[in-house]
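Report on one structure; see the data block that follows.
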Amino acid sequence: MKWALTGVAVSAALVLAGCTPAQQRGFLPEGSTNATEHTPGITSLWVNSWIVLLGVGVITWGLILWATIAYRRRKGQTGLPVQFRYNMPIETFFTVVPVILILAFFGFTAKEMSSIEARYENPDNVVEVIGKRWSWDFNYLNDDVYFQGVQVQTDDNGSAIPETMPVLYLPVGQKTEIRIETRDVIHSFWVVEFLYKKDMIPGQTNYMSVTPQETGTYMGKCAELCGEYHSMMLFEVRVVEQAEYDAYIKAQREAGFEGSVGLDYNPLQDEFFGDEAKAQNE
């Protein structure tokens, strides 16, 4: 077993040494490997889990192949081979090792999840994201301005026109709390390169706490089938320096987009929020 594990480790090292950057990241979405403070941990959990599982697979396939060859029926043999009712060491091995693997996977996953889901006590920036069929509204609560999006337009080939994409601006290096709401049905707020998505549930506020680490433009989309134009419910996240962020906020204020947009245009308001919401609208 020791020599077998050594062979597996050496083979894995040689294979991984020849991998492309995309393969080394477990074929996760292309983009920054350090988009937020959470992406390195998520990447590590994903890749290392696959390495362990690949090792288990190689050992299992090797044992199956070895047993198939070593215990095959030879020429001239008839009848069944000697039957064993059980083998205590093997039975113990097949029980203990999977339990250890499951506990290890659970422990590392729970640790990473608790880190991802922890809310900042004093965020530097608070943004409210409202999903709606089939676009997005962004309320910059600290600055009291908003952006109201419309559905992404398409060209003659059915591809999204970039200029019509709703854009969420975030300052780099700032602790940002994103408050997630929906105006109608269930959506899902997904920034692809952040390796993180969060459901938008009617009548419930969810939270996403991230600190963008690198400037750039990141792709976002709804990850929950929400109707006819779900595929066009796209947006961009632009992580920019503080000066550019302040300039954008100033431009929005000067253009008259001061204040915030709420959930009062929800066509399912009464169903999801009850009589109190209906009374407020009236």
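Naming scheme: A, B, ... for chains in displayed order of the structure tokens; residues 1 onward per chain; ligands 1 onward as shown.
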
Extract, using only C-alpha atoms, all DNA, RNA and protein residues at most 9 Å from Glu181 (chain A), discarding same-chain residues fewer than 6 positions from it, and format them as an mmCIF file with N, CA, C and O atoms, in the first residue's frame.
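Output file selection38.cif follows:
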```cif
data_model
loop_
_atom_site.group_PDB
_atom_site.id
_atom_site.type_symbol
_atom_site.label_atom_id
_atom_site.label_comp_id
_atom_site.auth_asym_id
_atom_site.auth_seq_id
_atom_site.Cartn_x
_atom_site.Cartn_y
_atom_site.Cartn_z
ATOM 1 N N GLU A 128 -27.787 47.755 -2.152
ATOM 2 C CA GLU A 128 -28.961 46.897 -2.239
ATOM 3 C C GLU A 128 -29.184 46.522 -3.696
ATOM 4 O O GLU A 128 -29.264 47.392 -4.563
ATOM 5 N N VAL A 129 -29.271 45.231 -3.953
ATOM 6 C CA VAL A 129 -29.511 44.723 -5.300
ATOM 7 C C VAL A 129 -30.926 44.160 -5.346
ATOM 8 O O VAL A 129 -31.297 43.320 -4.530
ATOM 9 N N ILE A 130 -31.712 44.630 -6.303
ATOM 10 C CA ILE A 130 -33.094 44.169 -6.463
ATOM 11 C C ILE A 130 -33.215 43.487 -7.819
ATOM 12 O O ILE A 130 -32.972 44.088 -8.860
ATOM 13 N N GLY A 131 -33.579 42.221 -7.794
ATOM 14 C CA GLY A 131 -33.824 41.492 -9.032
ATOM 15 C C GLY A 131 -35.267 41.656 -9.467
ATOM 16 O O GLY A 131 -36.170 41.740 -8.637
ATOM 17 N N HIS A 187 -35.115 34.818 -7.921
ATOM 18 C CA HIS A 187 -33.959 34.964 -8.806
ATOM 19 C C HIS A 187 -32.732 34.487 -8.043
ATOM 20 O O HIS A 187 -32.830 34.021 -6.901
ATOM 21 N N ASP A 199 -29.433 33.210 -3.513
ATOM 22 C CA ASP A 199 -30.818 33.264 -3.966
ATOM 23 C C ASP A 199 -31.496 34.547 -3.523
ATOM 24 O O ASP A 199 -31.234 35.071 -2.437
ATOM 25 N N MET A 200 -32.387 35.039 -4.376
ATOM 26 C CA MET A 200 -33.211 36.209 -4.083
ATOM 27 C C MET A 200 -34.627 35.693 -3.885
ATOM 28 O O MET A 200 -35.272 35.237 -4.837
ATOM 29 N N ILE A 201 -35.113 35.759 -2.657
ATOM 30 C CA ILE A 201 -36.378 35.121 -2.283
ATOM 31 C C ILE A 201 -37.403 36.199 -1.933
ATOM 32 O O ILE A 201 -37.115 37.096 -1.130
ATOM 33 N N PRO A 202 -38.598 36.138 -2.514
ATOM 34 C CA PRO A 202 -39.627 37.144 -2.212
ATOM 35 C C PRO A 202 -39.910 37.219 -0.710
ATOM 36 O O PRO A 202 -40.084 36.201 -0.043
ATOM 37 N N GLY A 203 -39.957 38.437 -0.186
ATOM 38 C CA GLY A 203 -40.260 38.644 1.222
ATOM 39 C C GLY A 203 -39.114 38.402 2.157
ATOM 40 O O GLY A 203 -39.286 38.441 3.383
ATOM 41 N N GLN A 204 -37.914 38.141 1.631
ATOM 42 C CA GLN A 204 -36.762 37.835 2.483
ATOM 43 C C GLN A 204 -35.542 38.586 1.991
ATOM 44 O O GLN A 204 -35.268 38.627 0.787
ATOM 45 N N THR A 205 -34.783 39.161 2.918
ATOM 46 C CA THR A 205 -33.535 39.842 2.574
ATOM 47 C C THR A 205 -32.365 38.910 2.834
ATOM 48 O O THR A 205 -32.209 38.409 3.947
ATOM 49 N N ASN A 206 -31.564 38.654 1.812
ATOM 50 C CA ASN A 206 -30.332 37.891 1.969
ATOM 51 C C ASN A 206 -29.140 38.826 1.882
ATOM 52 O O ASN A 206 -29.253 39.955 1.389
ATOM 53 N N LEU A 263 -39.525 48.103 -3.517
ATOM 54 C CA LEU A 263 -40.210 46.921 -4.021
ATOM 55 C C LEU A 263 -41.657 47.211 -4.388
ATOM 56 O O LEU A 263 -42.443 46.291 -4.609
#
```

With a cut-off of 10 Å, could you pull out the residues of region 71-144 of chain A touching region 215-230 of chain A and give me the nearest pair of atoms for each, distance in Å to one decimal, using only C-alpha atoms, ordered by chain and ascending number, as CSV?
```
residue,atom,partner,partner_atom,distance
A:Gly131,CA,A:Cys222,CA,8.5
A:Lys132,CA,A:Cys226,CA,9.3
A:Arg133,CA,A:Cys226,CA,7.4
A:Trp134,CA,A:Tyr229,CA,6.4
A:Ser135,CA,A:Cys222,CA,9.0
A:Trp136,CA,A:Cys222,CA,9.6
```

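Reported to one decimal place, the separation of CA of Thr33 (chain A) from CA of Val52 (chain A) is 21.3 Å.
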
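Interatomic distance, CA of Arg238 (chain A) to CA of Glu258 (chain A): 20.4 Å.
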
List every residue of region 21-182 of chain A that DSSP, applied to the backbone of this structure, assigns to strand (DSSP E), and report them as a VMD selection string.
chain A and resid 125 to 132 135 to 140 145 to 148 167 to 171 176 to 182

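When CA of Ile161 (chain A) is paired with CA of Phe189 (chain A), their separation reads 20.3 Å.
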
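The closest residue to Ile102 (chain A), picked from A:Val127, A:Ile249, A:Leu53, A:Leu234 and counting only C-alpha atoms, is A:Leu53.
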
Rank nothing, just name the residue among A:Lys250, A:Ser188, A:Gln174, A:Met165 nearest to Val237 (chain A), using only C-alpha atoms.
A:Met165

Residue contacts of region 107-120 of chain A (12 Å, only C-alpha atoms) excluding same-chain residues fewer than 2 positions away, as a PDB file with N, CA and C atoms, in the first residue's frame:
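Wrote out-v6.pdb, looks like this:
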```pdb
ATOM      1  N   THR A  36     -12.118  38.310  -4.893  1.00  0.00           N
ATOM      2  CA  THR A  36     -12.519  38.744  -3.553  1.00  0.00           C
ATOM      3  C   THR A  36     -11.660  38.004  -2.542  1.00  0.00           C
ATOM      4  N   GLU A  37     -11.848  38.315  -1.279  1.00  0.00           N
ATOM      5  CA  GLU A  37     -11.080  37.625  -0.243  1.00  0.00           C
ATOM      6  C   GLU A  37     -11.502  36.168  -0.092  1.00  0.00           C
ATOM      7  N   HIS A  38     -12.650  35.802  -0.682  1.00  0.00           N
ATOM      8  CA  HIS A  38     -13.145  34.428  -0.553  1.00  0.00           C
ATOM      9  C   HIS A  38     -12.704  33.511  -1.689  1.00  0.00           C
ATOM     10  N   THR A  39     -12.388  34.056  -2.848  1.00  0.00           N
ATOM     11  CA  THR A  39     -12.133  33.199  -4.010  1.00  0.00           C
ATOM     12  C   THR A  39     -10.930  32.263  -3.846  1.00  0.00           C
ATOM     13  N   PRO A  40      -9.828  32.666  -3.188  1.00  0.00           N
ATOM     14  CA  PRO A  40      -8.740  31.695  -3.012  1.00  0.00           C
ATOM     15  C   PRO A  40      -9.161  30.486  -2.186  1.00  0.00           C
ATOM     16  N   GLY A  41      -9.924  30.713  -1.116  1.00  0.00           N
ATOM     17  CA  GLY A  41     -10.372  29.608  -0.280  1.00  0.00           C
ATOM     18  C   GLY A  41     -11.329  28.683  -1.006  1.00  0.00           C
ATOM     19  N   ILE A  42     -12.254  29.271  -1.789  1.00  0.00           N
ATOM     20  CA  ILE A  42     -13.200  28.457  -2.561  1.00  0.00           C
ATOM     21  C   ILE A  42     -12.449  27.623  -3.596  1.00  0.00           C
ATOM     22  N   THR A  43     -11.494  28.252  -4.283  1.00  0.00           N
ATOM     23  CA  THR A  43     -10.706  27.540  -5.286  1.00  0.00           C
ATOM     24  C   THR A  43      -9.926  26.396  -4.654  1.00  0.00           C
ATOM     25  N   SER A  44      -9.299  26.663  -3.521  1.00  0.00           N
ATOM     26  CA  SER A  44      -8.510  25.639  -2.843  1.00  0.00           C
ATOM     27  C   SER A  44      -9.378  24.460  -2.421  1.00  0.00           C
ATOM     28  N   LEU A  45     -10.559  24.755  -1.859  1.00  0.00           N
ATOM     29  CA  LEU A  45     -11.467  23.687  -1.437  1.00  0.00           C
ATOM     30  C   LEU A  45     -11.881  22.830  -2.625  1.00  0.00           C
ATOM     31  N   TRP A  46     -12.217  23.469  -3.729  1.00  0.00           N
ATOM     32  CA  TRP A  46     -12.676  22.755  -4.930  1.00  0.00           C
ATOM     33  C   TRP A  46     -11.558  21.878  -5.510  1.00  0.00           C
ATOM     34  N   ASN A  48      -8.548  20.900  -4.228  1.00  0.00           N
ATOM     35  CA  ASN A  48      -8.025  19.863  -3.340  1.00  0.00           C
ATOM     36  C   ASN A  48      -9.015  18.714  -3.162  1.00  0.00           C
ATOM     37  N   SER A  49     -10.300  19.022  -3.167  1.00  0.00           N
ATOM     38  CA  SER A  49     -11.298  17.953  -3.076  1.00  0.00           C
ATOM     39  C   SER A  49     -11.203  17.027  -4.280  1.00  0.00           C
ATOM     40  N   ILE A 100     -13.800   8.811   7.381  1.00  0.00           N
ATOM     41  CA  ILE A 100     -12.780   9.854   7.557  1.00  0.00           C
ATOM     42  C   ILE A 100     -12.866  10.884   6.431  1.00  0.00           C
ATOM     43  N   LEU A 101     -13.019  10.411   5.188  1.00  0.00           N
ATOM     44  CA  LEU A 101     -13.112  11.326   4.053  1.00  0.00           C
ATOM     45  C   LEU A 101     -14.335  12.229   4.163  1.00  0.00           C
ATOM     46  N   ILE A 102     -15.466  11.645   4.525  1.00  0.00           N
ATOM     47  CA  ILE A 102     -16.701  12.433   4.637  1.00  0.00           C
ATOM     48  C   ILE A 102     -16.564  13.487   5.727  1.00  0.00           C
ATOM     49  N   LEU A 103     -16.010  13.096   6.893  1.00  0.00           N
ATOM     50  CA  LEU A 103     -15.832  14.052   7.987  1.00  0.00           C
ATOM     51  C   LEU A 103     -14.865  15.174   7.581  1.00  0.00           C
ATOM     52  N   ALA A 104     -13.808  14.810   6.851  1.00  0.00           N
ATOM     53  CA  ALA A 104     -12.842  15.831   6.421  1.00  0.00           C
ATOM     54  C   ALA A 104     -13.484  16.800   5.437  1.00  0.00           C
ATOM     55  N   PHE A 105     -14.201  16.266   4.444  1.00  0.00           N
ATOM     56  CA  PHE A 105     -14.886  17.127   3.480  1.00  0.00           C
ATOM     57  C   PHE A 105     -15.882  18.038   4.187  1.00  0.00           C
ATOM     58  N   ASN A 122     -19.159  46.246  10.537  1.00  0.00           N
ATOM     59  CA  ASN A 122     -19.166  47.649  10.096  1.00  0.00           C
ATOM     60  C   ASN A 122     -18.670  47.737   8.656  1.00  0.00           C
ATOM     61  N   PRO A 123     -19.542  47.422   7.692  1.00  0.00           N
ATOM     62  CA  PRO A 123     -19.105  47.487   6.290  1.00  0.00           C
ATOM     63  C   PRO A 123     -18.801  48.914   5.865  1.00  0.00           C
ATOM     64  N   ASP A 124     -17.835  49.037   4.971  1.00  0.00           N
ATOM     65  CA  ASP A 124     -17.494  50.360   4.439  1.00  0.00           C
ATOM     66  C   ASP A 124     -18.524  50.836   3.430  1.00  0.00           C
ATOM     67  N   ASN A 125     -19.192  49.898   2.783  1.00  0.00           N
ATOM     68  CA  ASN A 125     -20.104  50.235   1.694  1.00  0.00           C
ATOM     69  C   ASN A 125     -21.288  49.278   1.736  1.00  0.00           C
ATOM     70  N   VAL A 126     -22.497  49.807   1.542  1.00  0.00           N
ATOM     71  CA  VAL A 126     -23.706  48.974   1.547  1.00  0.00           C
ATOM     72  C   VAL A 126     -24.461  49.238   0.249  1.00  0.00           C
ATOM     73  N   GLN A 174     -12.756  47.749  -0.431  1.00  0.00           N
ATOM     74  CA  GLN A 174     -13.723  48.196   0.572  1.00  0.00           C
ATOM     75  C   GLN A 174     -14.644  47.039   0.983  1.00  0.00           C
ATOM     76  N   LYS A 175     -14.847  46.900   2.286  1.00  0.00           N
ATOM     77  CA  LYS A 175     -15.776  45.889   2.783  1.00  0.00           C
ATOM     78  C   LYS A 175     -17.193  46.271   2.354  1.00  0.00           C
ATOM     79  N   THR A 176     -17.780  45.446   1.520  1.00  0.00           N
ATOM     80  CA  THR A 176     -19.080  45.774   0.938  1.00  0.00           C
ATOM     81  C   THR A 176     -20.123  44.740   1.340  1.00  0.00           C
ATOM     82  N   GLU A 177     -21.233  45.234   1.868  1.00  0.00           N
ATOM     83  CA  GLU A 177     -22.371  44.360   2.146  1.00  0.00           C
ATOM     84  C   GLU A 177     -23.394  44.561   1.033  1.00  0.00           C
ATOM     85  N   ILE A 178     -23.750  43.468   0.379  1.00  0.00           N
ATOM     86  CA  ILE A 178     -24.750  43.501  -0.682  1.00  0.00           C
ATOM     87  C   ILE A 178     -26.039  42.918  -0.134  1.00  0.00           C
ATOM     88  N   ARG A 179     -27.071  43.746  -0.053  1.00  0.00           N
ATOM     89  CA  ARG A 179     -28.378  43.298   0.416  1.00  0.00           C
ATOM     90  C   ARG A 179     -29.197  42.874  -0.795  1.00  0.00           C
ATOM     91  N   PHE A 194     -16.649  35.694  -8.866  1.00  0.00           N
ATOM     92  CA  PHE A 194     -16.606  35.681  -7.400  1.00  0.00           C
ATOM     93  C   PHE A 194     -16.798  34.273  -6.853  1.00  0.00           C
ATOM     94  N   LEU A 195     -17.220  33.335  -7.709  1.00  0.00           N
ATOM     95  CA  LEU A 195     -17.463  31.933  -7.320  1.00  0.00           C
ATOM     96  C   LEU A 195     -18.486  31.855  -6.197  1.00  0.00           C
ATOM     97  N   TYR A 196     -19.527  32.682  -6.306  1.00  0.00           N
ATOM     98  CA  TYR A 196     -20.453  32.830  -5.184  1.00  0.00           C
ATOM     99  C   TYR A 196     -21.786  33.305  -5.747  1.00  0.00           C
ATOM    100  N   LYS A 197     -22.846  32.675  -5.332  1.00  0.00           N
ATOM    101  CA  LYS A 197     -24.178  33.108  -5.737  1.00  0.00           C
ATOM    102  C   LYS A 197     -25.099  33.064  -4.529  1.00  0.00           C
ATOM    103  N   LYS A 198     -26.177  33.833  -4.591  1.00  0.00           N
ATOM    104  CA  LYS A 198     -27.105  33.885  -3.462  1.00  0.00           C
ATOM    105  C   LYS A 198     -28.520  34.044  -4.006  1.00  0.00           C
ATOM    106  N   ASN A 206     -31.564  38.654   1.812  1.00  0.00           N
ATOM    107  CA  ASN A 206     -30.332  37.891   1.969  1.00  0.00           C
ATOM    108  C   ASN A 206     -29.140  38.826   1.882  1.00  0.00           C
ATOM    109  N   TYR A 207     -28.004  38.355   2.347  1.00  0.00           N
ATOM    110  CA  TYR A 207     -26.829  39.222   2.429  1.00  0.00           C
ATOM    111  C   TYR A 207     -25.605  38.520   1.841  1.00  0.00           C
ATOM    112  N   MET A 208     -24.776  39.304   1.194  1.00  0.00           N
ATOM    113  CA  MET A 208     -23.506  38.843   0.660  1.00  0.00           C
ATOM    114  C   MET A 208     -22.444  39.852   1.087  1.00  0.00           C
ATOM    115  N   SER A 209     -21.416  39.380   1.772  1.00  0.00           N
ATOM    116  CA  SER A 209     -20.358  40.270   2.254  1.00  0.00           C
ATOM    117  C   SER A 209     -19.061  39.947   1.528  1.00  0.00           C
ATOM    118  N   VAL A 210     -18.564  40.900   0.766  1.00  0.00           N
ATOM    119  CA  VAL A 210     -17.353  40.673  -0.030  1.00  0.00           C
ATOM    120  C   VAL A 210     -16.464  41.917   0.019  1.00  0.00           C
ATOM    121  N   THR A 211     -15.181  41.685  -0.129  1.00  0.00           N
ATOM    122  CA  THR A 211     -14.218  42.766  -0.300  1.00  0.00           C
ATOM    123  C   THR A 211     -13.512  42.546  -1.630  1.00  0.00           C
TER     124      THR A 211
END
```

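Residues surrounding Gln242 (chain A) within 10 Å are Leu170, Pro171, Val172, Gly173, Gln174, Ala247 and Tyr248 of chain A [only C-alpha atoms; sequence separation below 5 positions excluded].
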
What residues in region 147-253 of chain A get the DSSP label alpha helix (DSSP H)? Please answer as a count of residues only.
12

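Minimum distance to Thr60 (chain A) across A:Tyr169, A:Phe84, A:Phe94, A:Phe147 (counting only C-alpha atoms) occurs at A:Phe94.
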
Which polymer residues have any atom within 8 Å of an atom of Val145 (chain A), counting only C-alpha atoms, with same-chain residues fewer than 2 positions away left out, as a list of chain:residue names?
A:Asn139, A:Tyr140, A:Leu141, A:Asp143, A:Phe147, A:Ile249, A:Gln252, A:Arg253, A:Phe257, A:Glu258, A:Gly259, A:Ser260

Would you output that residue set with all heavy atoms, as a short mmCIF file (atom, residue, chain, number, x, y, z; two decimals), in the first residue's frame?
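Written output follows (result18.cif):
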```cif
data_model
loop_
_atom_site.label_atom_id
_atom_site.label_comp_id
_atom_site.auth_asym_id
_atom_site.auth_seq_id
_atom_site.Cartn_x
_atom_site.Cartn_y
_atom_site.Cartn_z
N ASN A 139 -29.30 50.03 -5.48
CA ASN A 139 -29.37 51.17 -4.55
C ASN A 139 -28.05 51.29 -3.80
O ASN A 139 -27.66 50.37 -3.07
CB ASN A 139 -30.51 50.98 -3.54
CG ASN A 139 -31.88 51.07 -4.17
OD1 ASN A 139 -32.10 51.88 -5.08
ND2 ASN A 139 -32.82 50.26 -3.72
N TYR A 140 -27.38 52.42 -3.98
CA TYR A 140 -26.13 52.68 -3.26
C TYR A 140 -26.52 53.41 -1.97
O TYR A 140 -26.61 54.64 -1.92
CB TYR A 140 -25.18 53.51 -4.13
CG TYR A 140 -24.79 52.79 -5.41
CD1 TYR A 140 -25.56 52.92 -6.57
CD2 TYR A 140 -23.67 51.97 -5.45
CE1 TYR A 140 -25.21 52.25 -7.74
CE2 TYR A 140 -23.31 51.30 -6.62
CZ TYR A 140 -24.09 51.44 -7.76
OH TYR A 140 -23.75 50.78 -8.92
N LEU A 141 -26.76 52.63 -0.92
CA LEU A 141 -27.40 53.16 0.27
C LEU A 141 -26.53 54.17 1.01
O LEU A 141 -27.05 55.13 1.58
CB LEU A 141 -27.79 52.01 1.20
CG LEU A 141 -28.77 50.98 0.60
CD1 LEU A 141 -29.10 49.90 1.61
CD2 LEU A 141 -30.05 51.68 0.12
N ASP A 143 -24.58 56.30 -0.25
CA ASP A 143 -24.48 57.54 -1.02
C ASP A 143 -25.83 58.07 -1.46
O ASP A 143 -25.90 59.12 -2.10
CB ASP A 143 -23.59 57.31 -2.24
CG ASP A 143 -22.20 56.83 -1.86
OD1 ASP A 143 -21.42 57.65 -1.36
OD2 ASP A 143 -21.91 55.63 -2.06
N PHE A 147 -29.42 53.11 -9.39
CA PHE A 147 -29.42 52.80 -10.81
C PHE A 147 -30.60 51.89 -11.07
O PHE A 147 -30.82 50.93 -10.34
CB PHE A 147 -28.12 52.10 -11.22
CG PHE A 147 -28.17 51.51 -12.61
CD1 PHE A 147 -27.86 52.28 -13.72
CD2 PHE A 147 -28.58 50.19 -12.82
CE1 PHE A 147 -27.91 51.75 -15.00
CE2 PHE A 147 -28.64 49.65 -14.09
CZ PHE A 147 -28.31 50.43 -15.18
N ILE A 249 -20.77 57.92 -8.63
CA ILE A 249 -21.83 58.31 -7.69
C ILE A 249 -22.23 59.77 -7.93
O ILE A 249 -23.43 60.11 -7.95
CB ILE A 249 -21.37 58.11 -6.24
CG1 ILE A 249 -21.15 56.62 -5.95
CG2 ILE A 249 -22.37 58.70 -5.27
CD1 ILE A 249 -22.38 55.77 -6.05
N GLN A 252 -24.37 60.04 -11.09
CA GLN A 252 -25.73 59.57 -10.86
C GLN A 252 -26.56 60.61 -10.12
O GLN A 252 -27.73 60.86 -10.46
CB GLN A 252 -25.72 58.26 -10.06
CG GLN A 252 -25.20 57.05 -10.82
CD GLN A 252 -26.08 56.67 -11.99
OE1 GLN A 252 -25.77 56.99 -13.14
NE2 GLN A 252 -27.20 56.02 -11.71
N ARG A 253 -25.95 61.25 -9.13
CA ARG A 253 -26.67 62.27 -8.36
C ARG A 253 -27.01 63.47 -9.25
O ARG A 253 -28.12 64.01 -9.20
CB ARG A 253 -25.83 62.69 -7.16
CG ARG A 253 -26.51 63.73 -6.27
CD ARG A 253 -25.75 63.99 -4.99
NE ARG A 253 -25.90 62.87 -4.06
CZ ARG A 253 -24.92 62.02 -3.74
NH1 ARG A 253 -23.73 62.17 -4.26
NH2 ARG A 253 -25.13 61.04 -2.89
N PHE A 257 -30.67 60.77 -10.20
CA PHE A 257 -30.96 59.45 -9.63
C PHE A 257 -30.62 59.44 -8.14
O PHE A 257 -29.81 58.62 -7.68
CB PHE A 257 -30.19 58.37 -10.38
CG PHE A 257 -30.53 58.28 -11.84
CD1 PHE A 257 -29.64 58.70 -12.81
CD2 PHE A 257 -31.78 57.81 -12.24
CE1 PHE A 257 -29.95 58.63 -14.15
CE2 PHE A 257 -32.11 57.74 -13.58
CZ PHE A 257 -31.20 58.16 -14.55
N GLU A 258 -31.24 60.31 -7.42
CA GLU A 258 -30.98 60.42 -5.98
C GLU A 258 -32.09 59.72 -5.21
O GLU A 258 -33.26 59.73 -5.60
CB GLU A 258 -30.89 61.89 -5.57
CG GLU A 258 -30.26 62.10 -4.21
CD GLU A 258 -29.84 63.55 -4.00
OE1 GLU A 258 -30.15 64.39 -4.85
OE2 GLU A 258 -29.21 63.82 -2.96
N GLY A 259 -31.71 59.09 -4.11
CA GLY A 259 -32.67 58.32 -3.32
C GLY A 259 -32.49 56.83 -3.58
O GLY A 259 -31.37 56.35 -3.81
N SER A 260 -33.58 56.09 -3.59
CA SER A 260 -33.51 54.65 -3.83
C SER A 260 -34.83 54.17 -4.41
O SER A 260 -35.86 54.82 -4.26
CB SER A 260 -33.20 53.90 -2.53
OG SER A 260 -34.22 54.10 -1.57
#
```
